[in-house]
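Participant: Have a peek at my_file.cif (mmCIF, C-alpha atoms).
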data_my_file
#
loop_
_atom_site.label_atom_id
_atom_site.label_comp_id
_atom_site.auth_asym_id
_atom_site.auth_seq_id
_atom_site.Cartn_x
_atom_site.Cartn_y
_atom_site.Cartn_z
CA MET A 629 -11.72 14.13 -67.51
CA ARG A 630 -8.39 12.57 -66.52
CA VAL A 631 -6.45 15.43 -68.10
CA ARG A 632 -8.66 17.95 -66.25
CA VAL A 633 -8.00 16.27 -62.87
CA GLU A 634 -4.22 16.26 -63.54
CA SER A 635 -4.22 19.86 -64.66
CA ASP A 636 -6.17 20.93 -61.52
CA VAL A 637 -3.71 19.00 -59.33
CA LEU A 638 -0.71 20.68 -60.98
CA LYS A 639 -2.32 24.13 -60.74
CA LYS A 640 -3.02 23.73 -57.03
CA ASN A 641 0.51 22.36 -56.56
CA LYS A 642 2.00 25.38 -58.32
CA GLU A 643 0.20 27.78 -55.97
CA ILE A 644 1.66 26.07 -52.89
CA ALA A 645 5.10 25.81 -54.55
CA LEU A 646 5.08 29.60 -54.96
CA LEU A 647 4.45 29.98 -51.21
CA ASN A 648 7.34 27.59 -50.48
CA ARG A 649 9.62 29.47 -52.87
CA SER A 650 8.81 32.81 -51.30
CA PHE A 651 9.34 31.38 -47.77
CA LEU A 652 12.70 29.85 -48.76
CA LYS A 653 13.85 33.02 -50.50
CA GLU A 654 13.12 34.99 -47.35
CA LYS A 655 15.24 32.53 -45.39
CA GLY A 656 18.07 32.97 -47.90
CA VAL A 657 18.24 29.24 -48.59
CA LEU A 658 19.26 27.59 -51.90
CA THR A 659 16.86 24.67 -52.35
CA ILE A 660 17.59 21.59 -54.45
CA ASN A 661 15.02 19.03 -55.57
CA LEU A 662 17.01 15.82 -56.15
CA MET A 663 15.30 13.28 -58.43
CA ALA A 664 16.46 9.80 -59.52
CA SER A 665 15.57 6.14 -60.01
CA PRO A 666 15.49 3.89 -56.95
CA GLY A 667 19.05 3.10 -55.91
CA ALA A 668 20.88 5.68 -58.06
CA GLY A 669 22.58 7.04 -54.93
CA LYS A 670 20.56 10.12 -53.90
CA THR A 671 21.34 9.80 -50.19
CA SER A 672 25.03 9.11 -50.92
CA LEU A 673 25.23 12.23 -53.09
CA ILE A 674 23.63 14.35 -50.36
CA LEU A 675 26.08 12.91 -47.80
CA ASN A 676 29.08 13.56 -50.06
CA THR A 677 27.94 17.08 -50.91
CA LEU A 678 27.11 18.20 -47.38
CA THR A 679 30.26 16.79 -45.80
CA THR A 680 32.37 18.54 -48.50
CA LEU A 681 30.61 21.94 -48.42
CA ASP A 682 31.44 24.17 -45.49
CA VAL A 683 28.02 25.83 -45.12
CA PRO A 684 25.08 25.14 -42.76
CA PHE A 685 22.43 22.97 -44.39
CA ALA A 686 19.12 21.14 -43.96
CA VAL A 687 17.65 18.00 -45.56
CA ILE A 688 14.10 16.85 -46.28
CA GLU A 689 13.81 13.13 -47.10
CA GLY A 690 10.88 11.86 -49.13
CA ASP A 691 10.06 8.18 -49.03
CA ILE A 692 7.02 6.00 -49.59
CA ALA A 693 7.69 3.90 -46.52
CA SER A 694 10.56 3.50 -44.04
CA SER A 695 13.01 6.04 -42.62
CA ILE A 696 16.14 4.28 -43.91
CA ASP A 697 17.62 7.32 -45.68
CA THR A 698 16.83 9.67 -42.79
CA ASP A 699 18.48 7.18 -40.41
CA THR A 700 21.56 6.97 -42.70
CA LEU A 701 21.92 10.74 -42.68
CA LYS A 702 21.38 10.93 -38.90
CA SER A 703 24.07 8.31 -38.36
CA HIS A 704 26.43 10.78 -40.09
CA GLY A 705 25.30 13.63 -37.87
CA ILE A 706 23.03 15.16 -40.53
CA PRO A 707 19.58 16.03 -39.17
CA ALA A 708 16.83 15.37 -41.70
CA VAL A 709 13.07 15.89 -41.70
CA GLN A 710 11.23 12.82 -42.96
CA ILE A 711 8.22 12.87 -45.30
CA ASN A 712 6.44 9.57 -45.68
CA THR A 713 4.28 9.96 -48.76
CA GLY A 714 1.85 7.22 -47.73
CA GLY A 715 2.13 5.40 -51.03
CA SER A 716 2.40 8.43 -53.29
CA CYS A 717 5.05 8.08 -55.99
CA HIS A 718 6.43 11.63 -55.80
CA LEU A 719 6.65 14.62 -53.48
CA ASN A 720 4.34 17.57 -53.97
CA ALA A 721 4.52 21.15 -52.76
CA SER A 722 2.00 20.58 -50.00
CA MET A 723 4.05 17.74 -48.43
CA VAL A 724 7.14 19.95 -48.59
CA LYS A 725 5.25 22.89 -47.05
CA ARG A 726 4.38 20.77 -44.00
CA ALA A 727 7.97 19.50 -43.77
CA LEU A 728 9.34 23.08 -43.94
CA GLU A 729 7.49 23.84 -40.70
CA GLN A 730 9.65 21.22 -38.97
CA VAL A 731 13.02 22.31 -40.39
CA THR A 732 15.31 24.20 -38.00
CA PHE A 733 16.82 26.76 -40.39
CA GLY A 734 19.17 28.76 -38.15
CA ARG A 735 21.99 29.99 -40.45
CA CYS A 736 21.11 27.34 -43.07
CA LYS A 737 22.28 28.19 -46.60
CA ILE A 738 21.32 25.07 -48.53
CA LEU A 739 18.34 22.70 -48.37
CA PHE A 740 18.33 19.33 -50.12
CA ILE A 741 14.97 17.72 -50.82
CA GLU A 742 15.40 14.04 -51.70
CA ASN A 743 12.44 13.04 -53.85
CA VAL A 744 10.90 9.53 -54.04
CA GLY A 745 12.95 7.12 -56.20
CA ASN A 746 11.13 7.46 -59.52
CA LEU A 747 12.20 8.72 -62.97
CA VAL A 748 8.66 9.58 -64.06
CA CYS A 749 6.23 11.06 -61.57
CA PRO A 750 8.32 13.73 -59.77
CA ALA A 751 9.12 15.60 -63.02
CA PRO A 752 6.07 17.92 -63.36
CA PHE A 753 5.73 18.80 -59.64
CA ASP A 754 7.26 22.13 -58.62
CA LEU A 755 8.17 21.96 -54.92
CA GLY A 756 9.35 25.56 -54.63
CA GLU A 757 12.98 24.63 -55.27
CA ASP A 758 15.65 26.75 -56.95
CA LEU A 759 17.28 23.84 -58.79
CA LYS A 760 16.03 20.51 -60.11
CA ILE A 761 18.90 18.01 -60.20
CA VAL A 762 18.60 14.59 -61.87
CA LEU A 763 20.90 11.84 -60.66
CA SER A 764 21.55 8.92 -63.04
CA SER A 765 23.79 5.95 -62.36
CA ILE A 766 26.00 3.91 -64.65
CA PRO A 767 24.36 0.48 -64.07
CA GLU A 768 20.95 1.89 -65.09
CA GLY A 769 22.24 2.12 -68.64
CA ASP A 770 22.97 4.76 -71.26
CA ASP A 771 19.42 4.80 -72.68
CA LYS A 772 17.71 6.57 -69.77
CA PRO A 773 17.55 10.07 -71.34
CA TYR A 774 15.81 8.51 -74.37
CA LYS A 775 13.31 6.53 -72.30
CA TYR A 776 12.47 9.06 -69.58
CA PRO A 777 12.82 12.37 -71.45
CA GLN A 778 10.59 14.57 -69.29
CA ILE A 779 12.75 14.42 -66.17
CA PHE A 780 15.94 15.06 -68.15
CA THR A 781 14.26 18.02 -69.85
CA VAL A 782 13.45 19.82 -66.58
CA ALA A 783 16.90 19.19 -65.00
CA GLN A 784 19.18 22.17 -64.34
CA ALA A 785 22.09 19.80 -63.73
CA ILE A 786 22.58 16.09 -64.33
CA ILE A 787 24.90 13.94 -62.25
CA ILE A 788 25.95 10.45 -63.34
CA ASN A 789 26.93 8.45 -60.28
CA LYS A 790 28.80 5.11 -59.91
CA ILE A 791 31.42 5.83 -62.58
CA ASP A 792 33.64 3.38 -60.66
CA LEU A 793 31.43 0.63 -62.22
CA ILE A 794 32.16 1.65 -65.84
CA PRO A 795 34.73 -1.16 -66.37
CA PHE A 796 32.15 -3.81 -65.37
CA VAL A 797 29.04 -2.80 -67.35
CA ASP A 798 28.12 -1.83 -70.91
CA PHE A 799 27.67 1.92 -70.79
CA ASN A 800 28.34 4.22 -73.74
CA MET A 801 28.91 7.72 -72.29
CA GLU A 802 28.79 9.33 -75.71
CA LYS A 803 25.34 7.81 -76.37
CA TYR A 804 24.10 8.96 -72.93
CA GLU A 805 25.31 12.53 -73.47
CA ARG A 806 23.85 12.61 -76.99
CA GLY A 807 20.49 11.59 -75.46
CA VAL A 808 20.67 14.40 -72.92
CA ARG A 809 21.75 17.02 -75.47
CA ALA A 810 18.83 16.15 -77.76
CA ILE A 811 16.36 17.40 -75.13
CA ASN A 812 18.37 19.71 -72.85
CA MET A 813 21.13 21.29 -74.85
CA LYS A 814 23.18 23.22 -72.30
CA VAL A 815 22.61 21.35 -69.02
CA PRO A 816 25.88 20.57 -67.19
CA ILE A 817 26.61 16.85 -66.77
CA PHE A 818 28.82 15.80 -63.85
CA LYS A 819 30.40 12.35 -63.73
CA VAL A 820 30.99 11.21 -60.16
CA SER A 821 31.51 8.26 -57.89
CA CYS A 822 30.04 8.80 -54.44
CA LYS A 823 32.00 5.71 -53.41
CA THR A 824 35.51 6.89 -54.42
CA GLY A 825 34.84 10.67 -54.38
CA GLU A 826 35.92 11.02 -58.02
CA GLY A 827 34.30 13.97 -59.79
CA ILE A 828 32.66 15.41 -56.65
CA GLU A 829 34.91 18.51 -56.75
CA GLU A 830 33.62 19.60 -60.21
CA TRP A 831 30.04 19.35 -58.93
CA MET A 832 31.05 21.37 -55.84
CA VAL A 833 32.57 24.15 -57.97
CA TRP A 834 29.31 24.46 -59.91
CA LEU A 835 27.11 24.34 -56.80
CA ARG A 836 29.20 26.92 -54.90
CA LYS A 837 28.44 29.50 -57.60
CA TYR A 838 24.77 29.36 -56.54
CA LEU A 839 25.72 29.81 -52.90
CA SER A 840 27.79 32.95 -53.29
CA MET B 1205 -11.82 13.05 -53.14
CA ARG B 1206 -8.40 11.87 -54.26
CA VAL B 1207 -8.94 8.41 -52.72
CA ARG B 1208 -12.35 8.20 -54.44
CA VAL B 1209 -10.80 8.99 -57.87
CA GLU B 1210 -8.07 6.36 -57.34
CA SER B 1211 -10.53 3.75 -56.18
CA ASP B 1212 -12.77 4.38 -59.24
CA VAL B 1213 -9.74 4.08 -61.53
CA LEU B 1214 -8.68 0.79 -59.96
CA LYS B 1215 -12.24 -0.58 -60.10
CA LYS B 1216 -12.59 0.23 -63.81
CA ASN B 1217 -9.09 -1.20 -64.42
CA LYS B 1218 -10.05 -4.44 -62.65
CA GLU B 1219 -13.09 -4.92 -64.92
CA ILE B 1220 -10.93 -4.64 -68.06
CA ALA B 1221 -8.23 -6.84 -66.52
CA LEU B 1222 -10.85 -9.58 -66.07
CA LEU B 1223 -11.68 -9.37 -69.78
CA ASN B 1224 -7.96 -9.63 -70.64
CA ARG B 1225 -7.54 -12.60 -68.29
CA SER B 1226 -10.49 -14.43 -69.80
CA PHE B 1227 -9.23 -13.73 -73.36
CA LEU B 1228 -5.71 -14.96 -72.51
CA LYS B 1229 -7.02 -18.05 -70.74
CA GLU B 1230 -9.01 -18.94 -73.84
CA LYS B 1231 -5.81 -18.57 -75.91
CA GLY B 1232 -4.03 -20.93 -73.48
CA VAL B 1233 -1.29 -18.35 -72.83
CA LEU B 1234 0.68 -17.90 -69.59
CA THR B 1235 0.98 -14.13 -69.10
CA ILE B 1236 3.70 -12.44 -67.05
CA ASN B 1237 3.66 -8.82 -65.89
CA LEU B 1238 7.32 -7.89 -65.40
CA MET B 1239 7.91 -4.91 -63.10
CA ALA B 1240 11.18 -3.22 -62.10
CA SER B 1241 13.08 0.04 -61.62
CA PRO B 1242 14.49 1.76 -64.70
CA GLY B 1243 17.58 -0.12 -65.85
CA ALA B 1244 17.19 -3.26 -63.73
CA GLY B 1245 17.37 -5.40 -66.89
CA LYS B 1246 13.76 -6.22 -67.84
CA THR B 1247 14.43 -6.47 -71.57
CA SER B 1248 17.59 -8.54 -70.95
CA LEU B 1249 15.65 -10.96 -68.75
CA ILE B 1250 12.94 -11.35 -71.41
CA LEU B 1251 15.63 -11.97 -74.04
CA ASN B 1252 17.42 -14.54 -71.86
CA THR B 1253 14.18 -16.30 -70.95
CA LEU B 1254 12.72 -16.50 -74.44
CA THR B 1255 15.91 -17.64 -76.12
CA THR B 1256 16.30 -20.39 -73.47
CA LEU B 1257 12.69 -21.61 -73.47
CA ASP B 1258 11.65 -23.77 -76.38
CA VAL B 1259 8.04 -22.57 -76.64
CA PRO B 1260 6.32 -20.02 -78.90
CA PHE B 1261 5.95 -16.65 -77.23
CA ALA B 1262 4.82 -13.04 -77.59
CA VAL B 1263 5.96 -9.79 -75.98
CA ILE B 1264 4.23 -6.51 -75.18
CA GLU B 1265 6.62 -3.64 -74.39
CA GLY B 1266 5.42 -0.73 -72.26
CA ASP B 1267 7.38 2.51 -72.36
CA ILE B 1268 6.72 6.19 -71.77
CA ALA B 1269 8.58 7.25 -74.86
CA SER B 1270 10.84 5.60 -77.46
CA SER B 1271 10.82 2.11 -78.92
CA ILE B 1272 14.33 1.20 -77.73
CA ASP B 1273 13.33 -2.05 -75.98
CA THR B 1274 11.06 -3.16 -78.82
CA ASP B 1275 13.90 -2.48 -81.27
CA THR B 1276 16.34 -4.48 -79.08
CA LEU B 1277 13.97 -7.46 -79.07
CA LYS B 1278 13.33 -7.19 -82.82
CA SER B 1279 17.10 -7.16 -83.48
CA HIS B 1280 17.14 -10.59 -81.79
CA GLY B 1281 14.27 -11.83 -83.96
CA ILE B 1282 11.67 -11.39 -81.19
CA PRO B 1283 8.53 -9.61 -82.45
CA ALA B 1284 7.09 -7.27 -79.85
CA VAL B 1285 4.02 -5.06 -79.71
CA GLN B 1286 4.85 -1.57 -78.45
CA ILE B 1287 2.71 0.43 -76.02
CA ASN B 1288 3.71 4.07 -75.62
CA THR B 1289 1.98 5.22 -72.46
CA GLY B 1290 2.09 8.89 -73.46
CA GLY B 1291 3.65 9.97 -70.19
CA SER B 1292 1.80 7.58 -67.90
CA CYS B 1293 4.04 5.98 -65.28
CA HIS B 1294 2.59 2.45 -65.48
CA LEU B 1295 0.61 0.17 -67.77
CA ASN B 1296 -3.09 -0.37 -67.16
CA ALA B 1297 -5.49 -3.06 -68.34
CA SER B 1298 -6.98 -0.86 -71.03
CA MET B 1299 -3.59 -0.22 -72.70
CA VAL B 1300 -2.87 -3.95 -72.60
CA LYS B 1301 -6.33 -4.75 -74.04
CA ARG B 1302 -5.58 -2.58 -77.09
CA ALA B 1303 -2.12 -4.14 -77.46
CA LEU B 1304 -3.59 -7.67 -77.29
CA GLU B 1305 -5.56 -6.92 -80.45
CA GLN B 1306 -2.23 -6.51 -82.28
CA VAL B 1307 -0.52 -9.64 -80.96
CA THR B 1308 -0.22 -12.57 -83.38
CA PHE B 1309 -0.86 -15.47 -81.01
CA GLY B 1310 -0.59 -18.50 -83.30
CA ARG B 1311 0.64 -21.36 -81.07
CA CYS B 1312 1.94 -18.89 -78.48
CA LYS B 1313 2.30 -20.35 -74.96
CA ILE B 1314 3.80 -17.46 -73.05
CA LEU B 1315 3.30 -13.69 -73.14
CA PHE B 1316 5.68 -11.27 -71.43
CA ILE B 1317 4.39 -7.77 -70.65
CA GLU B 1318 7.27 -5.44 -69.82
CA ASN B 1319 5.89 -2.70 -67.61
CA VAL B 1320 7.20 0.89 -67.39
CA GLY B 1321 10.41 1.19 -65.34
CA ASN B 1322 8.96 2.17 -61.96
CA LEU B 1323 8.98 0.48 -58.53
CA VAL B 1324 5.86 2.29 -57.32
CA CYS B 1325 2.99 2.94 -59.72
CA PRO B 1326 2.59 -0.41 -61.54
CA ALA B 1327 1.97 -2.35 -58.30
CA PRO B 1328 -1.83 -1.94 -57.83
CA PHE B 1329 -2.78 -2.30 -61.53
CA ASP B 1330 -4.02 -5.74 -62.57
CA LEU B 1331 -3.36 -6.19 -66.29
CA GLY B 1332 -5.01 -9.61 -66.56
CA GLU B 1333 -1.71 -11.43 -66.06
CA ASP B 1334 -1.19 -14.85 -64.43
CA LEU B 1335 2.06 -13.91 -62.67
CA LYS B 1336 3.49 -10.67 -61.38
CA ILE B 1337 7.29 -10.84 -61.38
CA VAL B 1338 9.48 -8.19 -59.75
CA LEU B 1339 13.01 -7.77 -61.04
CA SER B 1340 15.58 -6.16 -58.73
CA SER B 1341 19.22 -5.54 -59.51
CA ILE B 1342 22.30 -5.63 -57.31
CA PRO B 1343 23.47 -2.02 -57.88
CA GLU B 1344 20.07 -0.69 -56.75
CA GLY B 1345 20.93 -1.78 -53.22
CA ASP B 1346 19.71 -4.22 -50.60
CA ASP B 1347 17.16 -1.80 -49.08
CA LYS B 1348 14.62 -1.85 -51.93
CA PRO B 1349 12.14 -4.29 -50.30
CA TYR B 1350 12.04 -2.00 -47.24
CA LYS B 1351 11.55 1.18 -49.24
CA TYR B 1352 9.10 -0.05 -51.92
CA PRO B 1353 7.13 -2.69 -50.02
CA GLN B 1354 3.93 -2.72 -52.10
CA ILE B 1355 5.50 -4.06 -55.28
CA PHE B 1356 7.42 -6.75 -53.38
CA THR B 1357 4.21 -7.75 -51.60
CA VAL B 1358 2.30 -8.45 -54.81
CA ALA B 1359 5.17 -10.37 -56.51
CA GLN B 1360 4.74 -14.09 -57.21
CA ALA B 1361 8.46 -14.39 -57.92
CA ILE B 1362 11.40 -12.04 -57.38
CA ILE B 1363 14.49 -12.08 -59.56
CA ILE B 1364 17.70 -10.29 -58.56
CA ASN B 1365 19.69 -9.47 -61.64
CA LYS B 1366 23.34 -8.37 -62.11
CA ILE B 1367 24.82 -10.73 -59.51
CA ASP B 1368 28.06 -10.47 -61.53
CA LEU B 1369 28.41 -6.99 -59.95
CA ILE B 1370 28.33 -8.27 -56.33
CA PRO B 1371 32.14 -8.03 -55.92
CA PHE B 1372 32.10 -4.34 -56.86
CA VAL B 1373 29.22 -2.93 -54.78
CA ASP B 1374 27.98 -3.01 -51.19
CA PHE B 1375 25.04 -5.41 -51.24
CA ASN B 1376 24.02 -7.55 -48.28
CA MET B 1377 21.99 -10.46 -49.70
CA GLU B 1378 20.87 -11.59 -46.25
CA LYS B 1379 19.46 -8.11 -45.52
CA TYR B 1380 17.67 -8.04 -48.90
CA GLU B 1381 16.09 -11.46 -48.36
CA ARG B 1382 15.07 -10.54 -44.81
CA GLY B 1383 13.32 -7.47 -46.23
CA VAL B 1384 11.44 -9.58 -48.76
CA ARG B 1385 10.48 -12.26 -46.20
CA ALA B 1386 9.03 -9.65 -43.84
CA ILE B 1387 6.31 -8.81 -46.39
CA ASN B 1388 6.11 -11.85 -48.70
CA MET B 1389 7.04 -14.93 -46.75
CA LYS B 1390 7.12 -17.71 -49.35
CA VAL B 1391 7.91 -15.93 -52.63
CA PRO B 1392 10.74 -17.60 -54.57
CA ILE B 1393 13.84 -15.42 -55.05
CA PHE B 1394 16.08 -16.15 -58.06
CA LYS B 1395 19.60 -14.73 -58.26
CA VAL B 1396 20.70 -14.29 -61.85
CA SER B 1397 23.05 -12.49 -64.18
CA CYS B 1398 21.53 -11.83 -67.58
CA LYS B 1399 25.06 -10.94 -68.70
CA THR B 1400 26.79 -14.23 -67.76
CA GLY B 1401 23.70 -16.49 -67.75
CA GLU B 1402 24.34 -17.53 -64.13
CA GLY B 1403 21.17 -18.56 -62.30
CA ILE B 1404 18.90 -18.42 -65.37
CA GLU B 1405 18.39 -22.21 -65.27
CA GLU B 1406 16.79 -22.16 -61.78
CA TRP B 1407 14.37 -19.46 -62.96
CA MET B 1408 13.61 -21.61 -66.06
CA VAL B 1409 12.83 -24.69 -63.93
CA TRP B 1410 10.33 -22.69 -61.89
CA LEU B 1411 8.74 -21.04 -64.95
CA ARG B 1412 8.40 -24.31 -66.87
CA LYS B 1413 6.14 -25.68 -64.12
CA TYR B 1414 3.57 -23.05 -65.09
CA LEU B 1415 3.84 -23.96 -68.75
CA SER B 1416 3.16 -27.66 -68.42
#
Now, as a test, write the supplied structure out as structure tokens.

Facilitator:
Amino acid sequence: MRVRVESDVLKKNKEIALLNRSFLKEKGVLTINLMASPGAGKTSLILNTLTTLDVPFAVIEGDIASSIDTDTLKSHGIPAVQINTGGSCHLNASMVKRALEQVTFGRCKILFIENVGNLVCPAPFDLGEDLKIVLSSIPEGDDKPYKYPQIFTVAQAIIINKIDLIPFVDFNMEKYERGVRAINMKVPIFKVSCKTGEGIEEWMVWLRKYLS
Amino acid sequence: MRVRVESDVLKKNKEIALLNRSFLKEKGVLTINLMASPGAGKTSLILNTLTTLDVPFAVIEGDIASSIDTDTLKSHGIPAVQINTGGSCHLNASMVKRALEQVTFGRCKILFIENVGNLVCPAPFDLGEDLKIVLSSIPEGDDKPYKYPQIFTVAQAIIINKIDLIPFVDFNMEKYERGVRAINMKVPIFKVSCKTGEGIEEWMVWLRKYLS
């Protein structure tokens, strides 16, 4: 019974995701679904990316409560549409569809959707995006790909943030990468610090290929 | 419809949680449900606590996949019963009930249940525990109580781990505590480093009161 309910939910979600995808394709927008644990640095990565890229953009911010991330982006001159999920632990295509109606697209070329901070529940929900990106962070530890395999399996790129903290924590990069490779053999892995800017350029080079 | 399904699930969960609570009370065991984001240091806190306390204990480890945390505990001589949730993003009372059948209680006085790494989904699920403890960590940021209020509301103690990283990250302790106080006025907040051992003694003093 539980499996049936979940499968119905995912089927319905998929239908709406296809509508979103078709709408976004028509607009000519590259859409990124950014997924991570709480506090991995999703908003910082969006800020770093959008202030480095020289293309018009839009942002949808998903959060259970509060508008802290939307306010952070707005304080940097980045307009963002807020989704409060009302307790739900992930975004779904229907929430994104409603948010899309509020986005001013203009000449927008890239849309970031910041998912709820959660390494589990967002994984199976298609939002209509072009790319699923998983953001890890050094202090979370090198065992995350082993413990939360589903989200690392669906990622089309993985970014490890907070590499400036490597000297102060126990993190074995080789073990982390081995964990990723076991479930997602060819996914690119970018090592960045949103604080110092290190590694952001490599991620930009990769992302720009999808924009051209 | 969705609300009805959730409410039925929580009602059924509550019934089983009451059975667990009654069973554990009969055994004379203090049971702790430990909840946190991925990588906040749940297993490290359990290790630190159990090697400092001088009472017999048991551990139940909840994880989506892998037995990494159980293996870590076993390598320190701590026997743990493993629950693999099979993709589910939180423990429920029924999973814990099955695990309890495998625990060797003997003269056990304290049982730690390590929940799945998730700041959202575990919050409403009673497992039959005596205390719900939320573990935060410094690198996750000072905004977590504002963004994930439900889990901070239900906590009977909050522990902030990784205070050894304070010099290297932007974390405003006053802002964090203000966020906690806004939703959970009297909850004790312990500041610890499982790496250096700093602050563990204050947490021990508090915990020992429940054991006497």

Participant: Between A:Lys655, A:Lys790, A:His704, A:Lys639, which is the closest to chain B once you count all atoms listed in the file?

Facilitator: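 Distance minimum relative to chain B lands on A:Lys790.
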
Participant: Taking only C-alpha atoms into account, which residues of chain A are within 7 Å of chain B, as a list in words?

Facilitator: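 Written out as asked, the residues are Ser665, Pro666, Gly667, Ala668, Ile692, Ala693, Ser694, Cys717, Asn746, Val748, Cys749, Pro767, Glu768, Gly769, Tyr774, Lys775 and Tyr776 of chain A.
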
Participant: One decimal, Å: what's the distance from CA of Ser764 in chain A over to CA of Ile817 in chain A, could you say?

Facilitator: 10.1 Å

Participant: For the structure provided, state which residues fall under the PyMOL selection byres ((chain B and resi 1362-1365) around 10), and present them as a PyMOL selection string.

Facilitator: chain B and resi 1238-1240+1244-1246+1248-1249+1336-1343+1356+1359-1361+1366-1369+1377+1380+1384+1391-1399+1402-1404+1407

Participant: Given the file shown, enumerate the residues that the PyMOL selection byres ((chain A and resi 729) around 12) captures and present them as a VMD selection string.

Facilitator: chain A and resid 648 651 to 652 688 709 to 711 722 to 728 730 to 733

Participant: Could you check how far CA of Lys837 in chain A sits from CA of Thr680 in chain A, in Å to one decimal?

Facilitator: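 Distance between the two atoms: 14.8 Å.
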
Participant: Figure out the distance between CA of Ala751 in chain A and CA of Ala708 in chain A, please, to one decimal in Å.

Facilitator: 22.7 Å
